[in-house]
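Enquirer: Take this structure first; my questions come after.
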Amino acid sequence: MVEIFQIWVAGFLTLFIFSFLYKDNPFYRFAENLYAGLSFGYYIGLIYNQVLVPNVWEKFLEGDMMPLPAVCIGIMLFFRYLPWKNVSRLSSWALALYIGYYVGVAIMQKLHGEIIPQVQATILPLRPFLSFQTLNNFVTIVGVLTVLIYFYFSRQNTGIIGYLSKIGIWFAMICFGATFGYTIMGRISLLIGRVQFLVYEWVPAIRNLFN
Amino acid sequence: MSLLKYVQNLDRRIIFLFVGLGTVLPIIFPIGFPISVTAPVQIIYDRIEAMEPGSVLLLSFDYGPSSAPELTPMADAVMRHCARRKIKVVGLSYLILGGADMAEAVMSEVGRDLGLEYGVDYVNLGFKSGAPAPMIRLARDFHGVFPLDNRGNKVADLPLMRKVRSYADIDFIVELAATMLGDYWINVVNARFGEEMAMGTTAVSAPRYYAFLESGQLTGLMGGLKGAAEYEVLINQRGIAARGMDAQRIVHIMIILFVLLGNVIFFLERSTKKYSLLSG
Amino acid sequence: MQKQVAVIIAFVAGLMPIIGFFIPARVIRETIVGTLDNWLIIVSAFALVLGVESVVKVNVLKISRRQKGWFNSVIYLLALFLMAIFGITMGIGERADGSVTPFTWMFRAMVDPMTSTMFSLLAFFIASAAFRAFRARTVEATLLLVAATIVMLGRIDIGAALRIPELTEWIMNTPNMAAQRGIIIGAALGGASMALRVILGIERPYLGQSD
């Protein structure tokens with residue numbers, strides 16, 4: 001019974017949102033605001049159950065006080081909302097720790113995880129001369145270098161740089177075309193998912209009601 | 001108004017109607033077009049097929065409801081494949097909006113269908129915030145990052161998790177990502193800790209990950225609904241993704257025709273303008 | 001003084017993951033950096049709900065002043081608090097008997113379908129935009145259009161006689177991959193240099209407007 005009611009609610013809310021395709025209306029706006037409120041409430045409930053209880057409260061109960069400084073730093077983030085300027089400024093210390101840590105991780109991520117492996121993978125053999133693999137390798141090397149030259153904005157795109165940039169744009173256009181094709185596929189898939197729900201679950205639920 | 005002008009200024013709701021019908025009709029009246037399997041998906045299947053029974057696969061559900069139509073069928077197919085090979089599955093998520101729930105829904109359903117036992121054959125560790133910080137910690141301390149699982153059980157008490165304490169105890173990772181979390185897995189878990197991994201991602205993100213596939217940072221890539229359908233074909237279980245490909249085909253053709261029509265009108269209009277300019 | 005302390009905190013917090021990456025000594029990796037990793041899991045949980053105060057304030061003001069659409073704000077706040085209260089007081093997920101908590105029920109009945117449907121609307125808009133805007137005006141646009149068409153046909157296994165699916169795979173594995181690699185390397189270089197600027201205190205996003 002609960003599951004049938006779940007399908008009914010989901011079905012109606014799906015149709016409320018689809019009604020926007022005709023024009024903006026109160027049903028759509030109701031669903032939109034309901035969705036926004038529920039999403040934020042979901043964040044709060046999930047964080048309480050999946051982070052604060054296991055990683056903080058359970059640790060305190062076991063006598064481990066190591067999470068305490070983290071909780072204090074987390075609470076400090078909210079000081080920005082306090083009216084006293086001397087106290088509200090302290091939230092920038094918590095934010096500095098948070099941002100500083102993640103940019104430190106990001107540097108190593110970018111260098112070690114992206115730049116080095118990707119550059120390494122671009123160093124490809126160009127022998128034997130007459131083979132399909134060599135042609136592919138050549139296209140790859142030319143593509144990577146010319147796209148990088150195109151995105152190098154510190155120098156004007158004239159002369160040899162201009163010609164190489166042009167080739168880079170062509171590679172970029174092929175890439176964007178492929179991405180566009182995949183994007184269309186992705187968006188259609190989302191619609192297919194909703195229609196499958198309406199056809200395979202909601203319509204049978206209506207039939208069951210009348211049977 | 002001429003036909004050209006009418007088509008040029010076509011009410012978009014007519015286009016919406018065509019797209020809607022193109023999606024609904026093939027779902028109500030399935031056709032069953034064949035689905036070919038591509039190499040990036042075959043690699044993942046072969047890799048899991050080669051795993052020994054009792055091995056552990058880490059399945060990360062880093063997607064939410066907005067990507068579920070593409071990634072849930074992937075998760076379902078991979079988990080069914082693992083169950084068939086008697087491979088244990090540990091699920092987790094770093095995406096706050098829905099990841100843990102997606103994991104619970106898929107894992108529970110497959111578990112019920114195939115008679116799997118929670119805690120022995122599969123575990124859902126739930127969500128953890130702050131990626132990539134927990135990804136870095138998991139290299140040494142699964143139990144410290146996830147002291148409780150998604151159902152509130154103590155992780156240390158679960159039979160499967162007694163032997164899984166770090167990445168060293170994981171044999172293969174399949175990451176299902178709809179966001180930049182996929183990049184974190186590659187840059188941190190693969191690049192730093194050398195863990196072998198495959199990725200399933202949305203069609204929107206898939207083109208980007210070909211660069212990581214070619215560099216060897218990814219062992220296999222499933223892209224979008226087609227990728228999910230391919231994996232379903234490989235495990236001989238045509239499910240929701242394979243059925244959705246009929247509608248995908250019809251709407252793709254429809255959109256290509258719309259684009260061609262738009263360009264025909266564009267060129268016709270341009271030549272009409274040129275002609276009227278020349279004739280004064 | 002407060003600003004200088006924030007800059008120093010960002011510098012130290014940013015340096016720690018980098019040191020931990022290169023120095024395998026247990027005291028560095030486990031004790032110092034490991035503790036920071038554990039703390040940031042908890043701090044980021046607080047950061048995720050940082051916007052709750054402003055969101056509640058804006059909507060309460062809208063309701064109290066009976067501004068246009070104030071009823072939608074009532075829906076928003078009711079949904080937010082209901083979801084959060086259910087999550088905190090009654091837990092989340094599936095119970096041992098197979099039933100679900102109210103929090104999880106509301107997610108599956110409302111958040112899940114509404115999120116999916118919102119995104120599925122894009123399928124309609126992308127089709128409409130493709131018809132109206134996708135024109136082969138220039139060589140580059142034509143290249144994009146041709147690549148998109150080939151990829152779209154190849155992904156639905158059409159044109160096997162003309163080897164379109166194989167051409168699609170070649171496009172994805174070679175020119176698309178090359179361009180994507182160029183973009184990845186370029187973006188990673190930009191990201192790494194931006195991260196360095198934050199660690200060195202040249203950029204101070206944690207100080208906000210007061211910087």
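Identifiers in the structure tokens: chain A, B, ... in order shown; residue index from 1 per chain; ligand index from 1 in order shown.
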Which residues of chain B are close to chain A, meaning at most 8 Å apart when you count only C-alpha atoms, and how do they look as number ranges by chain?

Expert: B: 13, 16, 23-24, 27-28, 66-70, 96-97, 126-129, 132, 144-148, 150, 184, 186-188, 190-192, 202-204, 206-207, 211-212, 214-215, 217, 224-225, 244, 247-248, 251-252

Enquirer: Please identify every residue of chain C that has at least one atom no farther than 7 Å from an atom of chain B, counting only C-alpha atoms, and for each give the shortest atom pair and the distance in Å to one decimal, arranged by chain then increasing number, as a tab-separated table.

Expert:
```
residue	atom	partner	partner_atom	distance
C:Gly34	CA	B:Arg137	CA	6.8
C:Asp37	CA	B:Ala133	CA	5.1
C:Leu40	CA	B:Gly130	CA	6.3
C:Ile41	CA	B:Gly130	CA	4.6
C:Ser44	CA	B:Gly130	CA	5.1
C:Ala45	CA	B:Ser129	CA	5.7
C:Gly93	CA	B:Arg151	CA	6.3
C:Glu94	CA	B:Arg151	CA	6.8
C:Asp112	CA	B:Pro65	CA	5.1
C:Thr115	CA	B:Ser66	CA	5.5
C:Ser116	CA	B:Ser66	CA	4.5
C:Phe119	CA	B:Ser66	CA	6.0
C:Phe124	CA	B:Phe16	CA	5.4
C:Ala127	CA	B:Ile255	CA	6.1
C:Ser128	CA	B:Arg12	CA	6.0
C:Ala130	CA	B:Val259	CA	5.9
C:Phe131	CA	B:Val259	CA	4.9
C:Arg132	CA	B:Gly262	CA	6.4
C:Phe134	CA	B:Val259	CA	6.5
C:Arg135	CA	B:Asn263	CA	5.6
C:Ala136	CA	B:Asn263	CA	6.8
C:Thr149	CA	B:Ile256	CA	6.8
C:Met152	CA	B:His252	CA	6.7
C:Ile156	CA	B:Arg249	CA	5.5
C:Asp157	CA	B:Ser36	CA	6.9
C:Met172	CA	B:Pro207	CA	6.7
C:Asn173	CA	B:Tyr210	CA	6.4
C:Met177	CA	B:Ala211	CA	5.0
C:Gln180	CA	B:Arg208	CA	5.7
C:Arg181	CA	B:Ala211	CA	5.5
```

Enquirer: I'd like to know which residues of range 23-165 of chain C are helix (DSSP H, G or I) (by DSSP, run on the backbone); could you write them as a PyMOL selection string?

Expert: chain C and resi 26-48+52-64+70-90+102-133+139-155+160-162+164-165

Enquirer: Using C-alpha atoms, can you export the residues from the last selection as a compact mmCIF listing (two decimals), in the first residue's frame?

Expert:
```
# COMPACT_ATOMS: atom_id res chain seq x y z
CA ARG C 26 54.43 7.59 9.55
CA VAL C 27 54.44 10.68 11.78
CA ILE C 28 53.78 12.89 8.74
CA ARG C 29 51.39 10.73 6.73
CA GLU C 30 49.43 9.06 9.50
CA THR C 31 49.55 11.41 12.44
CA ILE C 32 49.55 14.90 10.96
CA VAL C 33 48.15 14.61 7.46
CA GLY C 34 45.93 11.64 8.32
CA THR C 35 44.34 13.59 11.16
CA LEU C 36 43.75 16.53 8.84
CA ASP C 37 42.09 14.18 6.32
CA ASN C 38 39.75 12.89 9.06
CA TRP C 39 38.95 16.41 10.26
CA LEU C 40 38.12 17.66 6.76
CA ILE C 41 35.53 14.88 6.34
CA ILE C 42 33.69 16.41 9.32
CA VAL C 43 34.33 20.09 8.45
CA SER C 44 33.05 19.60 4.89
CA ALA C 45 29.83 18.16 6.32
CA PHE C 46 29.25 21.51 8.09
CA ALA C 47 30.23 23.39 4.92
CA LEU C 48 27.58 21.54 2.89
CA VAL C 52 20.79 27.05 5.40
CA GLU C 53 20.75 30.30 7.39
CA SER C 54 20.56 32.59 4.34
CA VAL C 55 17.97 30.41 2.62
CA VAL C 56 15.70 30.35 5.69
CA LYS C 57 16.16 34.11 6.24
CA VAL C 58 15.25 34.99 2.63
CA ASN C 59 12.12 32.85 2.65
CA VAL C 60 10.93 33.98 6.10
CA LEU C 61 11.26 37.61 4.97
CA LYS C 62 9.29 36.84 1.83
CA ILE C 63 6.49 35.28 3.90
CA SER C 64 6.42 38.04 6.53
CA TRP C 70 5.17 33.95 -0.62
CA PHE C 71 3.09 30.76 -0.56
CA ASN C 72 5.86 28.97 -2.47
CA SER C 73 8.25 30.00 0.31
CA VAL C 74 5.91 28.34 2.82
CA ILE C 75 6.08 25.11 0.77
CA TYR C 76 9.88 25.43 0.58
CA LEU C 77 10.38 25.87 4.33
CA LEU C 78 7.83 23.21 5.29
CA ALA C 79 9.53 20.71 2.98
CA LEU C 80 12.98 21.60 4.28
CA PHE C 81 12.12 21.27 7.97
CA LEU C 82 9.96 18.18 7.56
CA MET C 83 12.68 16.32 5.68
CA ALA C 84 15.41 17.38 8.11
CA ILE C 85 13.32 16.49 11.19
CA PHE C 86 12.38 13.07 9.79
CA GLY C 87 16.03 12.39 8.95
CA ILE C 88 17.35 13.41 12.35
CA THR C 89 14.64 11.83 14.54
CA MET C 90 13.63 8.71 12.64
CA PRO C 102 9.82 8.37 6.24
CA PHE C 103 13.01 10.19 5.18
CA THR C 104 13.85 7.57 2.58
CA TRP C 105 10.21 7.27 1.51
CA MET C 106 10.04 11.02 0.84
CA PHE C 107 13.29 10.84 -1.09
CA ARG C 108 12.07 7.99 -3.30
CA ALA C 109 8.53 9.35 -3.74
CA MET C 110 9.40 13.02 -4.26
CA VAL C 111 13.07 14.05 -4.53
CA ASP C 112 14.11 11.23 -6.85
CA PRO C 113 11.28 11.59 -9.43
CA MET C 114 11.32 15.39 -9.35
CA THR C 115 15.10 15.58 -9.84
CA SER C 116 14.92 13.12 -12.72
CA THR C 117 12.00 14.94 -14.33
CA MET C 118 13.62 18.39 -14.02
CA PHE C 119 16.65 17.12 -15.89
CA SER C 120 14.60 15.19 -18.43
CA LEU C 121 13.04 18.50 -19.59
CA LEU C 122 16.44 19.21 -21.13
CA ALA C 123 15.75 16.57 -23.79
CA PHE C 124 12.95 18.72 -25.18
CA PHE C 125 14.90 21.95 -25.02
CA ILE C 126 18.00 20.47 -26.64
CA ALA C 127 15.88 19.19 -29.55
CA SER C 128 14.29 22.61 -29.98
CA ALA C 129 17.67 24.37 -29.74
CA ALA C 130 19.24 21.96 -32.23
CA PHE C 131 16.50 22.77 -34.75
CA ARG C 132 16.73 26.55 -34.29
CA ALA C 133 20.42 27.21 -33.75
CA VAL C 139 33.76 25.54 -41.89
CA GLU C 140 34.19 25.03 -38.15
CA ALA C 141 30.43 24.80 -37.55
CA THR C 142 30.13 22.31 -40.42
CA LEU C 143 32.90 20.19 -38.90
CA LEU C 144 31.06 20.22 -35.57
CA LEU C 145 27.76 19.32 -37.25
CA VAL C 146 29.27 16.45 -39.27
CA ALA C 147 31.09 15.02 -36.23
CA ALA C 148 27.91 15.24 -34.13
CA THR C 149 25.84 13.51 -36.82
CA ILE C 150 28.34 10.68 -37.28
CA VAL C 151 28.61 10.11 -33.52
CA MET C 152 24.84 10.20 -33.04
CA LEU C 153 24.31 7.67 -35.82
CA GLY C 154 27.19 5.49 -34.68
CA ARG C 155 25.98 5.30 -31.09
CA ALA C 160 26.95 -0.38 -40.40
CA ALA C 161 27.29 -0.77 -44.19
CA LEU C 162 29.11 2.59 -44.31
CA ILE C 164 29.63 4.53 -39.25
CA PRO C 165 29.87 2.80 -35.82
```

Enquirer: What's around range 193-195 of chain B at 8 Å? Count only C-alpha atoms, leave out sequence neighbours fewer than 4 positions away in its own chain, and write the answer as a list in words.

Expert: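 So the residues in contact are Ala139, Tyr167, Phe172, Ile173, Val188 and Val189 of chain B.
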